[in-house]
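Undergrad: Got a file for you: input-v5.pdb, PDB, C-alpha atoms and all ligand atoms.
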ATOM      1  CA  MET A   1      -8.806 -77.527 -48.792
ATOM      2  CA  PHE A   2      -6.197 -75.054 -47.570
ATOM      3  CA  GLU A   3      -3.543 -74.392 -50.211
ATOM      4  CA  LYS A   4      -1.651 -71.250 -49.284
ATOM      5  CA  VAL A   5      -1.516 -68.299 -46.956
ATOM      6  CA  ILE A   6      -0.929 -64.935 -48.565
ATOM      7  CA  TYR A   7       0.853 -62.958 -45.878
ATOM      8  CA  ILE A   8       0.829 -59.146 -46.057
ATOM      9  CA  ALA A   9       4.047 -57.702 -44.625
ATOM     10  CA  SER A  10       4.230 -53.961 -43.995
ATOM     11  CA  ASP A  11       4.596 -51.292 -41.371
ATOM     12  CA  CYS A  12       1.377 -50.148 -39.707
ATOM     13  CA  ARG A  13      -0.718 -47.458 -41.425
ATOM     14  CA  SER A  14       0.445 -48.589 -44.859
ATOM     15  CA  GLY A  15      -2.883 -49.778 -46.301
ATOM     16  CA  SER A  16      -2.782 -53.402 -45.177
ATOM     17  CA  THR A  17      -6.434 -53.402 -44.051
ATOM     18  CA  LEU A  18      -7.474 -51.943 -47.411
ATOM     19  CA  LEU A  19      -5.528 -54.611 -49.304
ATOM     20  CA  ASP A  20      -6.851 -57.326 -46.979
ATOM     21  CA  LEU A  21     -10.465 -56.249 -47.633
ATOM     22  CA  LEU A  22     -10.019 -56.083 -51.418
ATOM     23  CA  LEU A  23      -8.351 -59.491 -51.649
ATOM     24  CA  GLY A  24     -11.040 -60.968 -49.411
ATOM     25  CA  ASN A  25     -13.654 -60.186 -52.086
ATOM     26  CA  HIS A  26     -12.307 -63.018 -54.230
ATOM     27  CA  ASP A  27     -14.299 -66.264 -54.207
ATOM     28  CA  LYS A  28     -11.197 -68.311 -53.467
ATOM     29  CA  ILE A  29      -9.846 -66.130 -50.664
ATOM     30  CA  THR A  30     -10.803 -65.577 -47.036
ATOM     31  CA  SER A  31      -9.127 -62.610 -45.407
ATOM     32  CA  VAL A  32      -8.823 -62.688 -41.648
ATOM     33  CA  GLY A  33      -6.896 -59.550 -40.679
ATOM     34  CA  GLU A  34      -4.107 -59.714 -38.129
ATOM     35  CA  LEU A  35      -4.388 -63.348 -37.117
ATOM     36  CA  TRP A  36      -1.463 -63.222 -34.702
ATOM     37  CA  ARG A  37      -3.647 -60.998 -32.489
ATOM     38  CA  LEU A  38      -6.291 -63.697 -32.009
ATOM     39  CA  GLU A  39      -4.899 -64.801 -28.646
ATOM     40  CA  GLU A  40      -4.854 -61.212 -27.372
ATOM     41  CA  CYS A  41      -8.332 -60.482 -28.781
ATOM     42  CA  LEU A  42      -9.865 -63.451 -26.982
ATOM     43  CA  ASN A  43      -8.087 -63.198 -23.676
ATOM     44  CA  ASN A  44      -7.892 -59.478 -23.148
ATOM     45  CA  PRO A  45     -11.332 -57.793 -23.133
ATOM     46  CA  LYS A  46      -9.614 -54.409 -22.888
ATOM     47  CA  SER A  47      -7.748 -55.008 -26.131
ATOM     48  CA  HIS A  48      -8.930 -52.724 -28.935
ATOM     49  CA  CYS A  49      -9.190 -55.717 -31.244
ATOM     50  CA  HIS A  50     -11.640 -57.929 -29.356
ATOM     51  CA  ILE A  51     -14.459 -56.788 -31.656
ATOM     52  CA  CYS A  52     -14.708 -58.632 -34.970
ATOM     53  CA  MET A  53     -15.424 -56.702 -38.156
ATOM     54  CA  CYS A  54     -19.004 -58.016 -38.094
ATOM     55  CA  GLY A  55     -19.573 -55.925 -34.944
ATOM     56  CA  LYS A  56     -19.778 -58.820 -32.490
ATOM     57  CA  SER A  57     -17.039 -59.735 -30.056
ATOM     58  CA  ILE A  58     -14.752 -62.447 -31.433
ATOM     59  CA  LYS A  59     -16.122 -64.819 -28.773
ATOM     60  CA  GLU A  60     -19.675 -64.316 -29.999
ATOM     61  CA  CYS A  61     -18.998 -64.079 -33.728
ATOM     62  CA  PRO A  62     -20.649 -66.986 -35.600
ATOM     63  CA  PHE A  63     -17.748 -67.226 -38.060
ATOM     64  CA  TRP A  64     -15.105 -67.634 -35.363
ATOM     65  CA  GLU A  65     -17.435 -70.058 -33.541
ATOM     66  CA  LYS A  66     -17.431 -72.244 -36.661
ATOM     67  CA  VAL A  67     -13.634 -71.996 -36.866
ATOM     68  CA  GLU A  68     -13.432 -73.125 -33.239
ATOM     69  CA  TYR A  69     -15.744 -76.055 -33.947
ATOM     70  CA  MET A  70     -13.678 -77.083 -36.967
ATOM     71  CA  LEU A  71     -10.495 -76.795 -34.927
ATOM     72  CA  GLY A  72     -11.913 -78.897 -32.096
ATOM     73  CA  VAL A  73     -10.137 -76.768 -29.466
ATOM     74  CA  PRO A  74     -11.329 -73.611 -27.651
ATOM     75  CA  LEU A  75      -9.910 -70.663 -29.609
ATOM     76  CA  GLY A  76      -8.904 -68.937 -26.384
ATOM     77  CA  LYS A  77      -6.397 -71.708 -25.693
ATOM     78  CA  ILE A  78      -4.599 -71.348 -29.003
ATOM     79  CA  LYS A  79      -1.308 -69.490 -28.708
ATOM     80  CA  THR A  80      -0.699 -67.103 -31.598
ATOM     81  CA  LYS A  81       1.424 -64.389 -30.039
ATOM     82  CA  CYS A  82       5.183 -64.879 -30.211
ATOM     83  CA  HIS A  83       7.183 -63.962 -27.141
ATOM     84  CA  GLU A  84       8.724 -60.515 -26.929
ATOM     85  CA  LYS A  85      11.971 -61.079 -25.044
ATOM     86  CA  LEU A  86      14.298 -58.972 -27.141
ATOM     87  CA  ILE A  87      17.524 -60.939 -26.624
ATOM     88  CA  ASP A  88      15.845 -64.272 -27.384
ATOM     89  CA  ARG A  89      14.099 -62.769 -30.401
ATOM     90  CA  ARG A  90      17.393 -61.513 -31.825
ATOM     91  CA  LEU A  91      18.966 -64.948 -31.352
ATOM     92  CA  GLU A  92      15.996 -66.589 -33.064
ATOM     93  CA  GLN A  93      16.189 -64.162 -35.973
ATOM     94  CA  VAL A  94      19.868 -64.887 -36.509
ATOM     95  CA  ILE A  95      19.361 -68.645 -36.382
ATOM     96  CA  MET A  96      16.290 -68.621 -38.610
ATOM     97  CA  LEU A  97      18.323 -66.756 -41.235
ATOM     98  CA  LEU A  98      21.298 -69.081 -40.910
ATOM     99  CA  ASN A  99      19.570 -72.408 -40.954
ATOM    100  CA  HIS A 100      15.920 -73.441 -40.699
ATOM    101  CA  LYS A 101      16.767 -76.946 -39.504
ATOM    102  CA  LEU A 102      18.870 -75.535 -36.690
ATOM    103  CA  PHE A 103      15.913 -73.392 -35.631
ATOM    104  CA  ILE A 104      13.639 -76.442 -35.514
ATOM    105  CA  PHE A 105      16.326 -78.328 -33.563
ATOM    106  CA  CYS A 106      16.565 -75.466 -31.006
ATOM    107  CA  SER A 107      12.789 -75.490 -30.596
ATOM    108  CA  TYR A 108      13.028 -78.917 -28.910
ATOM    109  CA  PHE A 109      14.879 -77.594 -25.880
ATOM    110  CA  LEU A 110      14.846 -73.768 -25.824
ATOM    111  CA  ASN A 111      11.606 -72.326 -24.479
ATOM    112  CA  SER A 112      11.420 -69.153 -26.591
ATOM    113  CA  PHE A 113      12.015 -71.119 -29.811
ATOM    114  CA  LYS A 114       9.500 -73.726 -28.690
ATOM    115  CA  HIS A 115       6.862 -71.106 -27.938
ATOM    116  CA  ASP A 116       7.235 -69.328 -31.288
ATOM    117  CA  MET A 117       7.237 -72.613 -33.181
ATOM    118  CA  GLU A 118       4.007 -73.560 -31.433
ATOM    119  CA  CYS A 119       2.480 -70.236 -32.515
ATOM    120  CA  ALA A 120       3.446 -70.903 -36.139
ATOM    121  CA  VAL A 121       1.989 -74.425 -35.992
ATOM    122  CA  ASN A 122      -1.220 -72.942 -34.563
ATOM    123  CA  MET A 123      -1.420 -70.358 -37.332
ATOM    124  CA  PHE A 124      -1.405 -73.183 -39.900
ATOM    125  CA  ARG A 125      -4.054 -75.069 -37.917
ATOM    126  CA  LEU A 126      -6.172 -71.936 -37.975
ATOM    127  CA  TYR A 127      -5.643 -71.380 -41.726
ATOM    128  CA  ASP A 128      -6.729 -74.960 -42.315
ATOM    129  CA  ALA A 129      -9.871 -74.610 -40.171
ATOM    130  CA  ILE A 130     -10.781 -71.228 -41.747
ATOM    131  CA  SER A 131     -10.284 -72.703 -45.192
ATOM    132  CA  LYS A 132     -12.697 -75.532 -44.368
ATOM    133  CA  VAL A 133     -15.326 -73.211 -42.867
ATOM    134  CA  ASN A 134     -15.394 -70.856 -45.871
ATOM    135  CA  LYS A 135     -14.387 -73.460 -48.464
ATOM    136  CA  THR A 136     -11.638 -71.237 -49.866
ATOM    137  CA  PRO A 137      -8.154 -72.553 -50.659
ATOM    138  CA  PHE A 138      -6.392 -69.247 -49.929
ATOM    139  CA  ILE A 139      -6.180 -67.278 -46.713
ATOM    140  CA  VAL A 140      -4.978 -63.678 -46.502
ATOM    141  CA  ASP A 141      -3.279 -62.880 -43.212
ATOM    142  CA  SER A 142      -2.404 -59.213 -42.743
ATOM    143  CA  SER A 143      -0.461 -59.702 -39.525
ATOM    144  CA  LYS A 144       2.188 -57.428 -41.075
ATOM    145  CA  VAL A 145       5.066 -58.357 -38.721
ATOM    146  CA  ALA A 146       8.059 -59.638 -40.708
ATOM    147  CA  TYR A 147       9.194 -62.114 -38.059
ATOM    148  CA  TYR A 148       5.917 -64.057 -38.417
ATOM    149  CA  PHE A 149       6.152 -64.618 -42.167
ATOM    150  CA  ARG A 150       9.640 -65.962 -41.692
ATOM    151  CA  LEU A 151       8.388 -68.370 -39.027
ATOM    152  CA  LEU A 152       5.575 -69.555 -41.293
ATOM    153  CA  TYR A 153       7.971 -69.917 -44.210
ATOM    154  CA  LEU A 154      10.385 -71.835 -42.032
ATOM    155  CA  LEU A 155       7.682 -74.320 -41.121
ATOM    156  CA  GLN A 156       5.898 -74.872 -44.463
ATOM    157  CA  PRO A 157       7.617 -72.920 -47.255
ATOM    158  CA  GLU A 158       5.427 -74.435 -49.970
ATOM    159  CA  LYS A 159       2.314 -73.004 -48.323
ATOM    160  CA  VAL A 160       3.443 -69.386 -47.924
ATOM    161  CA  LYS A 161       3.447 -66.424 -50.313
ATOM    162  CA  ILE A 162       4.271 -62.921 -49.140
ATOM    163  CA  ILE A 163       3.140 -59.495 -50.316
ATOM    164  CA  PHE A 164       5.421 -56.613 -49.349
ATOM    165  CA  LEU A 165       3.247 -53.551 -49.075
ATOM    166  CA  TYR A 166       5.089 -50.240 -49.060
ATOM    167  CA  ARG A 167       3.842 -46.722 -48.499
ATOM    168  CA  ASP A 168       5.759 -43.477 -48.688
ATOM    169  CA  GLY A 169       7.449 -43.132 -45.285
ATOM    170  CA  ARG A 170       6.260 -39.533 -45.048
ATOM    171  CA  GLY A 171       2.650 -40.709 -45.398
ATOM    172  CA  VAL A 172       3.119 -43.415 -42.755
ATOM    173  CA  THR A 173       4.875 -41.001 -40.404
ATOM    174  CA  TYR A 174       2.213 -38.330 -40.743
ATOM    175  CA  SER A 175      -0.579 -40.886 -40.332
ATOM    176  CA  LYS A 176       1.000 -42.201 -37.113
ATOM    177  CA  MET A 177       1.302 -38.639 -35.804
ATOM    178  CA  ARG A 178      -2.286 -37.764 -36.672
ATOM    179  CA  GLU A 179      -4.039 -40.994 -35.700
ATOM    180  CA  GLU A 180      -1.888 -42.306 -32.892
ATOM    181  CA  GLY A 181      -0.454 -39.076 -31.466
ATOM    182  CA  MET A 182       3.121 -40.237 -32.037
ATOM    183  CA  LYS A 183       6.032 -37.850 -32.223
ATOM    184  CA  LEU A 184       7.570 -37.396 -35.655
ATOM    185  CA  GLU A 185      10.952 -38.857 -34.705
ATOM    186  CA  GLU A 186       9.382 -41.909 -33.080
ATOM    187  CA  ALA A 187       7.050 -42.526 -36.034
ATOM    188  CA  ALA A 188       9.820 -42.191 -38.633
ATOM    189  CA  LYS A 189      12.233 -44.391 -36.669
ATOM    190  CA  GLY A 190       9.525 -47.047 -36.270
ATOM    191  CA  TRP A 191       8.952 -47.017 -40.030
ATOM    192  CA  VAL A 192      12.680 -47.423 -40.719
ATOM    193  CA  LYS A 193      12.923 -50.295 -38.224
ATOM    194  CA  SER A 194       9.939 -52.082 -39.706
ATOM    195  CA  ASN A 195      11.273 -51.746 -43.274
ATOM    196  CA  ARG A 196      14.735 -52.909 -42.279
ATOM    197  CA  MET A 197      13.266 -55.947 -40.582
ATOM    198  CA  MET A 198      11.279 -56.800 -43.724
ATOM    199  CA  GLU A 199      14.494 -56.647 -45.763
ATOM    200  CA  ILE A 200      16.356 -58.850 -43.299
ATOM    201  CA  MET A 201      13.597 -61.425 -42.910
ATOM    202  CA  LYS A 202      13.283 -61.927 -46.665
ATOM    203  CA  LEU A 203      16.933 -62.947 -47.069
ATOM    204  CA  GLY A 204      17.157 -66.330 -48.729
ATOM    205  CA  ILE A 205      13.449 -66.540 -49.594
ATOM    206  CA  PRO A 206      13.038 -67.200 -53.353
ATOM    207  CA  LYS A 207      11.947 -64.162 -55.369
ATOM    208  CA  ASN A 208       8.884 -65.940 -56.748
ATOM    209  CA  LYS A 209       7.517 -66.164 -53.200
ATOM    210  CA  ILE A 210       7.503 -62.397 -52.684
ATOM    211  CA  PHE A 211       5.458 -59.756 -54.476
ATOM    212  CA  THR A 212       6.012 -56.055 -53.900
ATOM    213  CA  ILE A 213       3.365 -53.361 -54.227
ATOM    214  CA  LYS A 214       2.892 -49.756 -53.231
ATOM    215  CA  TYR A 215      -0.118 -48.408 -51.367
ATOM    216  CA  GLU A 216      -0.273 -45.393 -53.689
ATOM    217  CA  ASP A 217      -0.449 -47.619 -56.818
ATOM    218  CA  LEU A 218      -3.150 -49.757 -55.213
ATOM    219  CA  CYS A 219      -5.306 -46.673 -54.593
ATOM    220  CA  LYS A 220      -4.666 -45.108 -58.009
ATOM    221  CA  GLN A 221      -5.042 -48.258 -60.104
ATOM    222  CA  PRO A 222      -6.708 -50.968 -58.020
ATOM    223  CA  SER A 223      -7.659 -53.185 -60.993
ATOM    224  CA  LYS A 224      -4.144 -53.237 -62.393
ATOM    225  CA  VAL A 225      -2.490 -53.983 -59.028
ATOM    226  CA  LEU A 226      -5.044 -56.608 -57.999
ATOM    227  CA  GLU A 227      -4.727 -58.340 -61.383
ATOM    228  CA  LYS A 228      -0.982 -58.633 -60.818
ATOM    229  CA  ILE A 229      -1.523 -59.984 -57.296
ATOM    230  CA  CYS A 230      -3.980 -62.586 -58.620
ATOM    231  CA  HIS A 231      -1.375 -63.678 -61.151
ATOM    232  CA  PHE A 232       1.172 -63.960 -58.332
ATOM    233  CA  ILE A 233      -1.235 -66.083 -56.259
ATOM    234  CA  GLY A 234      -2.217 -68.179 -59.276
ATOM    235  CA  ILE A 235      -5.919 -67.340 -59.482
ATOM    236  CA  GLY A 236      -8.038 -65.421 -61.980
ATOM    237  CA  PHE A 237      -8.814 -61.766 -61.350
ATOM    238  CA  GLN A 238     -12.427 -60.938 -60.420
ATOM    239  CA  LYS A 239     -13.814 -57.459 -61.078
ATOM    240  CA  LYS A 240     -15.628 -57.376 -57.721
ATOM    241  CA  MET A 241     -12.251 -57.299 -55.987
ATOM    242  CA  THR A 242     -11.993 -53.558 -56.639
ATOM    243  CA  ARG A 243     -15.077 -52.785 -54.521
ATOM    244  CA  LEU A 244     -14.411 -51.780 -50.940
ATOM    245  CA  ASP A 245     -17.021 -54.189 -49.624
ATOM    246  CA  LYS A 246     -17.087 -54.303 -45.831
ATOM    247  CA  CYS A 247     -20.031 -56.673 -45.321
ATOM    248  CA  GLY A 248     -19.812 -60.359 -44.462
ATOM    249  CA  LYS A 249     -16.176 -60.170 -43.379
ATOM    250  CA  HIS A 250     -14.692 -61.230 -40.046
ATOM    251  CA  ILE A 251     -11.399 -59.432 -39.860
ATOM    252  CA  ILE A 252      -9.374 -59.208 -36.650
ATOM    253  CA  GLY A 253      -7.439 -56.052 -35.742
ATOM    254  CA  GLY A 254      -6.408 -53.684 -38.533
ATOM    255  CA  ASN A 255      -7.448 -50.129 -39.239
ATOM    256  CA  PRO A 256     -10.742 -48.928 -37.612
ATOM    257  CA  MET A 257     -11.875 -47.834 -41.106
ATOM    258  CA  LYS A 258     -13.072 -51.433 -41.439
ATOM    259  CA  PHE A 259     -16.063 -50.538 -39.221
ATOM    260  CA  LYS A 260     -17.094 -47.515 -41.318
ATOM    261  CA  LYS A 261     -19.413 -49.363 -43.648
ATOM    262  CA  GLU A 262     -20.503 -46.145 -45.394
ATOM    263  CA  ASP A 263     -16.942 -45.412 -46.624
ATOM    264  CA  ASP A 264     -16.891 -47.656 -49.650
ATOM    265  CA  ARG A 265     -14.561 -45.709 -51.926
ATOM    266  CA  ILE A 266     -10.840 -46.288 -52.264
ATOM    267  CA  ILE A 267      -9.295 -42.920 -51.454
ATOM    268  CA  LEU A 268      -5.598 -42.201 -51.653
ATOM    269  CA  ASP A 269      -4.505 -40.442 -48.473
ATOM    270  CA  GLU A 270      -1.619 -38.119 -49.255
ATOM    271  CA  SER A 271      -2.495 -35.480 -46.689
ATOM    272  CA  TRP A 272       1.133 -35.442 -45.551
ATOM    273  CA  LYS A 273       1.925 -33.409 -48.681
ATOM    274  CA  TYR A 274       0.094 -30.343 -47.366
ATOM    275  CA  SER A 275       0.174 -31.086 -43.627
ATOM    276  CA  MET A 276       3.840 -31.688 -42.924
ATOM    277  CA  THR A 277       5.913 -28.533 -42.486
ATOM    278  CA  GLU A 278       9.281 -28.015 -44.134
ATOM    279  CA  LYS A 279      10.883 -28.603 -40.755
ATOM    280  CA  ASP A 280       8.968 -31.912 -40.391
ATOM    281  CA  LEU A 281      10.123 -33.025 -43.830
ATOM    282  CA  LYS A 282      13.708 -32.122 -43.018
ATOM    283  CA  ILE A 283      13.650 -34.195 -39.831
ATOM    284  CA  PHE A 284      12.072 -37.101 -41.715
ATOM    285  CA  GLU A 285      14.738 -36.819 -44.410
ATOM    286  CA  GLN A 286      17.500 -37.096 -41.823
ATOM    287  CA  ILE A 287      15.983 -40.182 -40.200
ATOM    288  CA  ALA A 288      14.441 -42.044 -43.097
ATOM    289  CA  GLY A 289      15.208 -40.241 -46.367
ATOM    290  CA  LYS A 290      17.708 -42.797 -47.568
ATOM    291  CA  ILE A 291      15.481 -45.834 -47.149
ATOM    292  CA  ASN A 292      12.453 -43.958 -48.530
ATOM    293  CA  LYS A 293      14.366 -43.266 -51.743
ATOM    294  CA  LYS A 294      15.601 -46.844 -51.874
ATOM    295  CA  ILE A 295      11.989 -48.029 -51.894
ATOM    296  CA  GLY A 296      11.292 -45.638 -54.776
ATOM    297  CA  TYR A 297       9.914 -42.443 -53.254
ATOM    298  CA  TRP A 298      12.069 -39.742 -54.783
ATOM    299  CA  ASP A 299      10.018 -36.560 -55.129
TER     300      ASP A 299
HETATM  301 ZN    ZN B 301     -17.338 -61.738 -37.041
END
As structure tokens, how would this structure be written, given the file I've shared?

TA:
Amino acid sequence: MFEKVIYIASDCRSGSTLLDLLLGNHDKITSVGELWRLEECLNNPKSHCHICMCGKSIKECPFWEKVEYMLGVPLGKIKTKCHEKLIDRRLEQVIMLLNHKLFIFCSYFLNSFKHDMECAVNMFRLYDAISKVNKTPFIVDSSKVAYYFRLLYLLQPEKVKIIFLYRDGRGVTYSKMREEGMKLEEAAKGWVKSNRMMEIMKLGIPKNKIFTIKYEDLCKQPSKVLEKICHFIGIGFQKKMTRLDKCGKHIIGGNPMKFKKEDDRIILDESWKYSMTEKDLKIFEQIAGKINKKIGYWD
């Protein structure tokens, strides 16, 4: 029976797929990747995420077929992607911070609120179905986006726990430049925006609902960090959690490293330290230095 969703909130390229995979090794947890992308994965064959981690398309994956059967509705008809109208989104964010009941009230007659509320309801329906298929009480959702965890919390606060996953902004920025061809300024600004949004969206959520970890600590001391996360979730730590096991999982979206079955070691990527020039670091400092230090990255 579904008990709780453990939602991983972070910017992209911060180690969320790694954390998702490690947590998914636990007998009581099913990790599903970026669940909010399910709608896009099923309805857009050109989307990069339409292939499940098992190698089959989501439509043909036996795991997701079972989830569909349990749900009793075609997965392709389930809305999971919140709307992206910026003005409406800002209004929703303000109201969800002010008063959850007011948000629910607005969802009866304002379309954007209604749509996003429906997505959140669907996410819980999916968690429930996944939990029944795999017989695990906990689901890990690494959707990352802060707005989604707030929506889920708004709907069923007792069923949501959130992990804030941070990575040195210089590492995230360099990774975005290298892997996604982004410009330094754009990558650093995106990281700042994502971190600010996480801070805003957590306002008013009790501290015992949020656990904070750093990507670097996870890579250096996986046992120690995972033990603490298990304590936070309320389950016993299992040694097998520290293995980067990529078999038998059906994760949506996330980092393409999930497909590289031969890479089974946890390796800390700090290539930014020798790849970013002094000029790069200076530009980063101007854009994001303050917030990077606030998170705890001083040197
Ligand atoms: Zn699959």

Undergrad: By how many Å are CA of Cys41 in chain A and CA of Ile58 in chain A apart?

TA: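 One can read the CA of Cys41 in chain A to CA of Ile58 in chain A distance as 7.2 Å.
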
Undergrad: The PyMOL selection byres (((not hetatm)) within 10 of (chain B and resi 301)) on the file shown: which residues, as a list of chain:residue names?

TA: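 Evaluating the PyMOL selection byres (((not hetatm)) within 10 of (chain B and resi 301)) on these coordinates yields A:Val32, A:Ile51, A:Cys52, A:Met53, A:Cys54, A:Gly55, A:Lys56, A:Ser57, A:Ile58, A:Lys59, A:Glu60, A:Cys61, A:Pro62, A:Phe63, A:Trp64, A:Glu65, A:Gly248, A:Lys249, A:His250, A:Ile251, A:Ile252.
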
Undergrad: Please tabulate, as CSV, the residues of range 184-241 of chain A that come within 10 Å of range 7-11 of chain A, each with its closest pair of atoms and the distance in Å to one decimal, counting all atoms listed in the file and ordering rows by chain, then residue number upward.

TA:
residue,atom,partner,partner_atom,distance
A:Gly190,CA,A:Asp11,CA,8.3
A:Trp191,CA,A:Asp11,CA,6.2
A:Val192,CA,A:Asp11,CA,9.0
A:Lys193,CA,A:Asp11,CA,9.0
A:Ser194,CA,A:Asp11,CA,5.7
A:Asn195,CA,A:Asp11,CA,7.0
A:Met197,CA,A:Ser10,CA,9.9
A:Met198,CA,A:Ala9,CA,7.3
A:Ile210,CA,A:Tyr7,CA,9.5
A:Phe211,CA,A:Ile8,CA,9.6
A:Thr212,CA,A:Ala9,CA,9.6

Undergrad: Run the PyMOL selection byres (((chain A and resi 127) around 9) and not hetatm) mentally over the shown coordinates, then write out the matched residues as a VMD selection string, using the chain letters and numbers from the document.

TA: chain A and resid 2 4 to 5 122 to 126 128 to 132 138 to 139 141

Undergrad: What does the file look like for those residues with C-alpha atoms, as a short mmCIF file (atom, residue, chain, number, x, y, z; two decimals), keeping the file's coordinate frame?

TA:
data_model
loop_
_atom_site.label_atom_id
_atom_site.label_comp_id
_atom_site.auth_asym_id
_atom_site.auth_seq_id
_atom_site.Cartn_x
_atom_site.Cartn_y
_atom_site.Cartn_z
CA PHE A 2 -6.20 -75.05 -47.57
CA LYS A 4 -1.65 -71.25 -49.28
CA VAL A 5 -1.52 -68.30 -46.96
CA ASN A 122 -1.22 -72.94 -34.56
CA MET A 123 -1.42 -70.36 -37.33
CA PHE A 124 -1.40 -73.18 -39.90
CA ARG A 125 -4.05 -75.07 -37.92
CA LEU A 126 -6.17 -71.94 -37.98
CA ASP A 128 -6.73 -74.96 -42.32
CA ALA A 129 -9.87 -74.61 -40.17
CA ILE A 130 -10.78 -71.23 -41.75
CA SER A 131 -10.28 -72.70 -45.19
CA LYS A 132 -12.70 -75.53 -44.37
CA PHE A 138 -6.39 -69.25 -49.93
CA ILE A 139 -6.18 -67.28 -46.71
CA ASP A 141 -3.28 -62.88 -43.21
#

Undergrad: Would you compute the distance between CA of Tyr148 in chain A and CA of Ala120 in chain A? Give it in Å to one decimal.

TA: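 Atom-to-atom, CA of Tyr148 in chain A to CA of Ala120 in chain A, that is 7.6 Å.
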
Undergrad: Rounded to one decimal place, report the CA of Glu185 in chain A-CA of Ser271 in chain A distance in Å.

TA: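 Interatomic distance, CA of Glu185 in chain A to CA of Ser271 in chain A: 18.3 Å.
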
Undergrad: Check the smallest atom-to-atom distance from each of A:Leu18, A:Ile200, A:Leu35, A:Val73 to Met96 in chain A using only C-alpha atoms, then report the winner.

TA: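 Ranked by minimum distance to Met96 in chain A, first place goes to A:Ile200.
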
Undergrad: At a cut-off of 12 Å, using all atoms listed in the file, what residues contact Asp217 in chain A? Leave out same-chain residues fewer than 2 positions from it and give the result as a list in words.

TA: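 Non-adjacent residues within range: Gly15, Leu19, Leu165, Tyr166, Arg167, Asp168, Thr212, Ile213, Lys214, Tyr215, Cys219, Lys220, Gln221, Pro222, Ser223, Lys224, Val225, Leu226, Lys228, Ile266, Ile267, Leu268 and Asp269 of chain A.
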
Undergrad: Which one of A:Thr17, A:Ile162, A:Leu155, A:Arg196 sits closest to Ile233 in chain A if you count only C-alpha atoms?

TA: A:Ile162

Undergrad: For the file shown, report as an NGL selection string the outcome of the PyMOL selection byres (((chain A and resi 95) around 12) and not hetatm) at residue level.

TA: :A and (88-94 or 96-107 or 113 or 150-151 or 154 or 201)

Undergrad: Between A:Lys246, A:Val121, A:Arg170, A:Val145, which residue has the minimum interatomic distance to Trp298 in chain A, considering all atoms listed in the file?

TA: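 Distance minimum relative to Trp298 in chain A lands on A:Arg170.
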
Undergrad: For Phe284 in chain A, which residue among A:Glu34, A:Glu68, A:Glu186, A:Glu84 is the nearest when counting all atoms listed in the file?

TA: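 Counting all atoms listed in the file, the residue closest to Phe284 in chain A is A:Glu186.
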
Undergrad: Using all atoms listed in the file, find the one residue out of A:Leu152, A:His83, A:Lys239, A:Arg13 that sits nearest to Asn111 in chain A.

TA: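 Between A:Leu152, A:His83, A:Lys239, A:Arg13, the residue approaching Asn111 in chain A most closely is A:His83.
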
Undergrad: Which residue out of A:Pro137, A:Gly33, A:Pro206, A:Gly72 has the minimum interatomic distance to Ser16 in chain A when only C-alpha atoms are used?

TA: A:Gly33
